[in-house]
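Here is entry04.pdb, consisting of PDB, C-alpha atoms and all ligand atoms:
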```
MODEL        1
ATOM      1  CA  MET A   1     120.401 125.093  89.526  1.00  0.00           C
ATOM      2  CA  ALA A   2     119.092 121.624  88.819  1.00  0.00           C
ATOM      3  CA  GLU A   3     117.578 122.949  85.620  1.00  0.00           C
ATOM      4  CA  ARG A   4     120.873 124.494  84.538  1.00  0.00           C
ATOM      5  CA  ASN A   5     122.652 121.210  85.102  1.00  0.00           C
ATOM      6  CA  ILE A   6     120.142 119.306  83.032  1.00  0.00           C
ATOM      7  CA  LYS A   7     120.413 121.855  80.242  1.00  0.00           C
ATOM      8  CA  ARG A   8     124.185 121.717  80.283  1.00  0.00           C
ATOM      9  CA  SER A   9     124.295 117.919  80.190  1.00  0.00           C
ATOM     10  CA  ASP A  10     121.846 117.961  77.269  1.00  0.00           C
ATOM     11  CA  ARG A  11     124.090 120.325  75.433  1.00  0.00           C
ATOM     12  CA  ASP A  12     127.183 118.208  76.216  1.00  0.00           C
ATOM     13  CA  GLY A  13     125.354 115.164  74.932  1.00  0.00           C
ATOM     14  CA  GLU A  14     124.677 116.933  71.663  1.00  0.00           C
ATOM     15  CA  LEU A  15     128.297 118.001  71.320  1.00  0.00           C
ATOM     16  CA  LEU A  16     129.528 114.461  71.967  1.00  0.00           C
ATOM     17  CA  THR A  17     127.178 113.045  69.359  1.00  0.00           C
ATOM     18  CA  GLU A  18     128.271 115.651  66.817  1.00  0.00           C
ATOM     19  CA  ARG A  19     131.934 115.031  67.506  1.00  0.00           C
ATOM     20  CA  ARG A  20     131.548 111.265  67.232  1.00  0.00           C
ATOM     21  CA  ALA A  21     129.805 111.685  63.884  1.00  0.00           C
ATOM     22  CA  ARG A  22     132.601 113.916  62.642  1.00  0.00           C
ATOM     23  CA  LEU A  23     135.419 111.602  63.747  1.00  0.00           C
ATOM     24  CA  LYS A  24     133.861 108.348  62.590  1.00  0.00           C
ATOM     25  CA  ARG A  25     136.047 106.639  60.006  1.00  0.00           C
ATOM     26  CA  PRO A  26     134.302 106.572  56.614  1.00  0.00           C
ATOM     27  CA  ASP A  27     132.899 103.192  55.633  1.00  0.00           C
ATOM     28  CA  MET A  28     134.279 102.977  52.100  1.00  0.00           C
ATOM     29  CA  TYR A  29     137.476 104.039  50.381  1.00  0.00           C
ATOM     30  CA  MET A  30     138.346 104.487  46.752  1.00  0.00           C
ATOM     31  CA  ILE A  31     141.555 103.001  45.357  1.00  0.00           C
ATOM     32  CA  VAL A  32     142.986 105.216  42.645  1.00  0.00           C
ATOM     33  CA  LEU A  33     145.711 104.031  40.271  1.00  0.00           C
ATOM     34  CA  LEU A  34     148.305 106.687  39.388  1.00  0.00           C
ATOM     35  CA  ASN A  35     150.182 106.949  36.130  1.00  0.00           C
ATOM     36  CA  ASP A  36     153.970 107.073  35.942  1.00  0.00           C
ATOM     37  CA  ASP A  37     156.427 107.106  33.041  1.00  0.00           C
ATOM     38  CA  TYR A  38     158.247 103.847  33.755  1.00  0.00           C
ATOM     39  CA  THR A  39     155.994 100.948  34.770  1.00  0.00           C
ATOM     40  CA  PRO A  40     155.319  98.706  31.746  1.00  0.00           C
ATOM     41  CA  ARG A  41     151.672  98.645  30.680  1.00  0.00           C
ATOM     42  CA  GLU A  42     151.564  94.826  30.845  1.00  0.00           C
ATOM     43  CA  PHE A  43     152.752  94.912  34.456  1.00  0.00           C
ATOM     44  CA  VAL A  44     149.921  97.298  35.399  1.00  0.00           C
ATOM     45  CA  VAL A  45     147.352  95.016  33.732  1.00  0.00           C
ATOM     46  CA  TRP A  46     148.854  91.970  35.463  1.00  0.00           C
ATOM     47  CA  VAL A  47     148.645  93.694  38.883  1.00  0.00           C
ATOM     48  CA  LEU A  48     145.026  94.717  38.304  1.00  0.00           C
ATOM     49  CA  MET A  49     144.109  91.145  37.404  1.00  0.00           C
ATOM     50  CA  ARG A  50     146.096  89.546  40.206  1.00  0.00           C
ATOM     51  CA  ILE A  51     145.336  91.877  43.119  1.00  0.00           C
ATOM     52  CA  PHE A  52     141.943  93.294  42.166  1.00  0.00           C
ATOM     53  CA  TYR A  53     140.509  90.256  40.342  1.00  0.00           C
ATOM     54  CA  LYS A  54     139.613  92.357  37.305  1.00  0.00           C
ATOM     55  CA  GLY A  55     139.307  90.709  33.895  1.00  0.00           C
ATOM     56  CA  GLN A  56     141.783  91.405  31.102  1.00  0.00           C
ATOM     57  CA  GLU A  57     139.523  93.912  29.322  1.00  0.00           C
ATOM     58  CA  GLU A  58     138.596  95.846  32.462  1.00  0.00           C
ATOM     59  CA  SER A  59     142.245  95.874  33.593  1.00  0.00           C
ATOM     60  CA  THR A  60     143.353  97.209  30.207  1.00  0.00           C
ATOM     61  CA  ARG A  61     140.658  99.908  30.319  1.00  0.00           C
ATOM     62  CA  ILE A  62     141.718 101.034  33.834  1.00  0.00           C
ATOM     63  CA  MET A  63     145.424 100.998  32.877  1.00  0.00           C
ATOM     64  CA  LEU A  64     144.782 103.067  29.723  1.00  0.00           C
ATOM     65  CA  GLU A  65     142.632 105.563  31.627  1.00  0.00           C
ATOM     66  CA  ALA A  66     145.416 106.083  34.187  1.00  0.00           C
ATOM     67  CA  HIS A  67     147.948 106.298  31.337  1.00  0.00           C
ATOM     68  CA  THR A  68     146.029 109.012  29.492  1.00  0.00           C
ATOM     69  CA  ALA A  69     144.256 110.900  32.317  1.00  0.00           C
ATOM     70  CA  GLY A  70     146.906 110.471  35.029  1.00  0.00           C
ATOM     71  CA  ARG A  71     144.650 108.469  37.321  1.00  0.00           C
ATOM     72  CA  SER A  72     141.870 105.929  37.293  1.00  0.00           C
ATOM     73  CA  THR A  73     139.528 104.569  39.944  1.00  0.00           C
ATOM     74  CA  VAL A  74     140.110 100.860  40.469  1.00  0.00           C
ATOM     75  CA  GLY A  75     137.278 100.246  42.927  1.00  0.00           C
ATOM     76  CA  VAL A  76     135.659 101.054  46.273  1.00  0.00           C
ATOM     77  CA  TYR A  77     136.497  98.892  49.295  1.00  0.00           C
ATOM     78  CA  THR A  78     136.322  98.790  53.086  1.00  0.00           C
ATOM     79  CA  TYR A  79     139.311 100.342  54.843  1.00  0.00           C
ATOM     80  CA  ASP A  80     140.880  96.984  55.699  1.00  0.00           C
ATOM     81  CA  VAL A  81     140.496  95.504  52.214  1.00  0.00           C
ATOM     82  CA  ALA A  82     141.726  98.726  50.559  1.00  0.00           C
ATOM     83  CA  THR A  83     144.849  99.048  52.736  1.00  0.00           C
ATOM     84  CA  THR A  84     145.658  95.349  52.250  1.00  0.00           C
ATOM     85  CA  LYS A  85     145.393  95.653  48.462  1.00  0.00           C
ATOM     86  CA  ILE A  86     147.546  98.795  48.419  1.00  0.00           C
ATOM     87  CA  ALA A  87     150.195  96.995  50.483  1.00  0.00           C
ATOM     88  CA  GLN A  88     150.078  94.081  48.009  1.00  0.00           C
ATOM     89  CA  VAL A  89     150.548  96.465  45.062  1.00  0.00           C
ATOM     90  CA  ASP A  90     153.457  98.192  46.860  1.00  0.00           C
ATOM     91  CA  LYS A  91     155.088  94.812  47.530  1.00  0.00           C
ATOM     92  CA  LEU A  92     154.834  93.667  43.896  1.00  0.00           C
ATOM     93  CA  ALA A  93     156.002  97.045  42.575  1.00  0.00           C
ATOM     94  CA  LYS A  94     159.019  96.941  44.892  1.00  0.00           C
ATOM     95  CA  GLU A  95     159.803  93.325  44.015  1.00  0.00           C
ATOM     96  CA  TYR A  96     159.782  94.103  40.267  1.00  0.00           C
ATOM     97  CA  GLU A  97     161.382  97.543  40.773  1.00  0.00           C
ATOM     98  CA  HIS A  98     158.598  99.590  39.174  1.00  0.00           C
ATOM     99  CA  PRO A  99     157.343 102.914  40.596  1.00  0.00           C
ATOM    100  CA  LEU A 100     153.678 101.879  40.291  1.00  0.00           C
ATOM    101  CA  LYS A 101     151.451 103.529  42.916  1.00  0.00           C
ATOM    102  CA  CYS A 102     147.863 103.274  44.104  1.00  0.00           C
ATOM    103  CA  ILE A 103     146.387 105.707  46.618  1.00  0.00           C
ATOM    104  CA  LEU A 104     143.422 105.652  48.968  1.00  0.00           C
ATOM    105  CA  GLU A 105     140.765 108.338  48.735  1.00  0.00           C
ATOM    106  CA  VAL A 106     137.677 108.983  50.789  1.00  0.00           C
ATOM    107  CA  GLU A 107     134.726 109.495  48.500  1.00  0.00           C
ATOM    108  CA  GLY A 108     134.145 113.235  48.248  1.00  0.00           C
ATOM    109  CA  GLY A 109     137.364 113.849  50.172  1.00  0.00           C
ATOM    110  CA  GLY A 110     141.062 113.968  49.528  1.00  0.00           C
ATOM    111  CA  GLU A 111     143.914 111.520  49.726  1.00  0.00           C
ATOM    112  CA  TYR A 112     143.822 109.517  52.964  1.00  0.00           C
TER     113      TYR A 112
HETATM  114  N1  LIG B   1     152.615 105.261  31.529  1.00  0.00           N
HETATM  115  C1  LIG B   1     153.200 103.939  31.594  1.00  0.00           C
HETATM  116  C2  LIG B   1     154.012 103.684  30.328  1.00  0.00           C
HETATM  117  O1  LIG B   1     153.883 104.420  29.376  1.00  0.00           O
HETATM  118  C3  LIG B   1     152.128 102.859  31.728  1.00  0.00           C
HETATM  119  C4  LIG B   1     151.307 103.020  32.962  1.00  0.00           C
HETATM  120  C5  LIG B   1     149.918 103.017  32.889  1.00  0.00           C
HETATM  121  C6  LIG B   1     151.923 103.177  34.210  1.00  0.00           C
HETATM  122  C7  LIG B   1     149.136 103.159  34.017  1.00  0.00           C
HETATM  123  C8  LIG B   1     151.144 103.312  35.354  1.00  0.00           C
HETATM  124  O2  LIG B   1     148.991 103.413  36.363  1.00  0.00           O
HETATM  125  C9  LIG B   1     149.763 103.304  35.253  1.00  0.00           C
HETATM  126  N2  LIG B   1     154.835 102.650  30.326  1.00  0.00           N
ENDMDL
END
```

Would you write out, as structure tokens, the structure that this file holds?
Amino acid sequence: MAERNIKRSDRDGELLTERRARLKRPDMYMIVLLNDDYTPREFVVWVLMRIFYKGQEESTRIMLEAHTAGRSTVGVYTYDVATTKIAQVDKLAKEYEHPLKCILEVEGGGEY
């Protein structure tokens, strides 16, 4: 009986560890810029420079990649930094009435 209990608690311990590993929030998130038909190119470049601290050349490259391929990775950030930046982009886009959108993706996963 004692042995069974020990075995069961060992097994429970394993399950808990596995579950915790599965539910742990990923450390890093990718911000992906999405293309649309309406946002002016200069506005996209301005947002990339202002919110993501990218240089003019890098911002233009990211904007053009999104424009031609539909999407472009802006960078990889912690959850808090990524969600803050996305909120800042949403706020600017709303203020200037452009449909510009960035999304969060877990590396190797889908949209978060
Ligand atoms: N496609 C937009 C245009 O032609 C420009 C644009 C580029 C919009 C990148 C969004 O993420 C974007 N005006």

- Query: Taking the file as shown, what set of residues would the PyMOL selection byres (((not hetatm)) within 8 of (chain B and resi 1)) give back, as a PyMOL selection string?
  - Reply: chain A and resi 33-41+44+62-68+70-72+100-102

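Rounded to one decimal, atom CA of Asp80 of chain A and atom CA of Pro26 of chain A lie 11.7 Å from each other.
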
- Please write as number ranges by chain the full residue list that the PyMOL selection byres (((chain A and resi 75) around 7) and not hetatm) yields on this file. A: 30-31, 73-74, 76-77

I would like the residues chosen by the PyMOL selection byres (((chain A and resi 104) around 8) and not hetatm) on the shown file; could you give them as a compact mmCIF listing (two decimals) with C-alpha atoms, keeping the file's coordinate frame?
```txt
# COMPACT_ATOMS: atom_id res chain seq x y z
CA TYR A 29 137.48 104.04 50.38
CA MET A 30 138.35 104.49 46.75
CA ILE A 31 141.56 103.00 45.36
CA VAL A 32 142.99 105.22 42.64
CA ALA A 82 141.73 98.73 50.56
CA THR A 83 144.85 99.05 52.74
CA CYS A 102 147.86 103.27 44.10
CA ILE A 103 146.39 105.71 46.62
CA GLU A 105 140.76 108.34 48.74
CA VAL A 106 137.68 108.98 50.79
CA GLU A 111 143.91 111.52 49.73
CA TYR A 112 143.82 109.52 52.96
```

- Distance criterion (only C-alpha atoms): nearest to Lys85 of chain A out of A:Thr60, A:Glu107, A:Leu48, A:Glu97: A:Leu48

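One distance worth recording is that between atom CA of Lys94 of chain A and atom CA of Glu57 of chain A, which is 25.1 Å.
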
- Note on the structure: note - atom CA of Ala69 of chain A and atom CA of Ile86 of chain A are separated by 20.4 Å

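The environment of Phe43 of chain A within 10 Å, counting all atoms listed in the file and disregarding residues fewer than 6 places along the same chain, consists of Met49, Met63, Leu92, Ala93, Tyr96, His98 and Leu100 of chain A.
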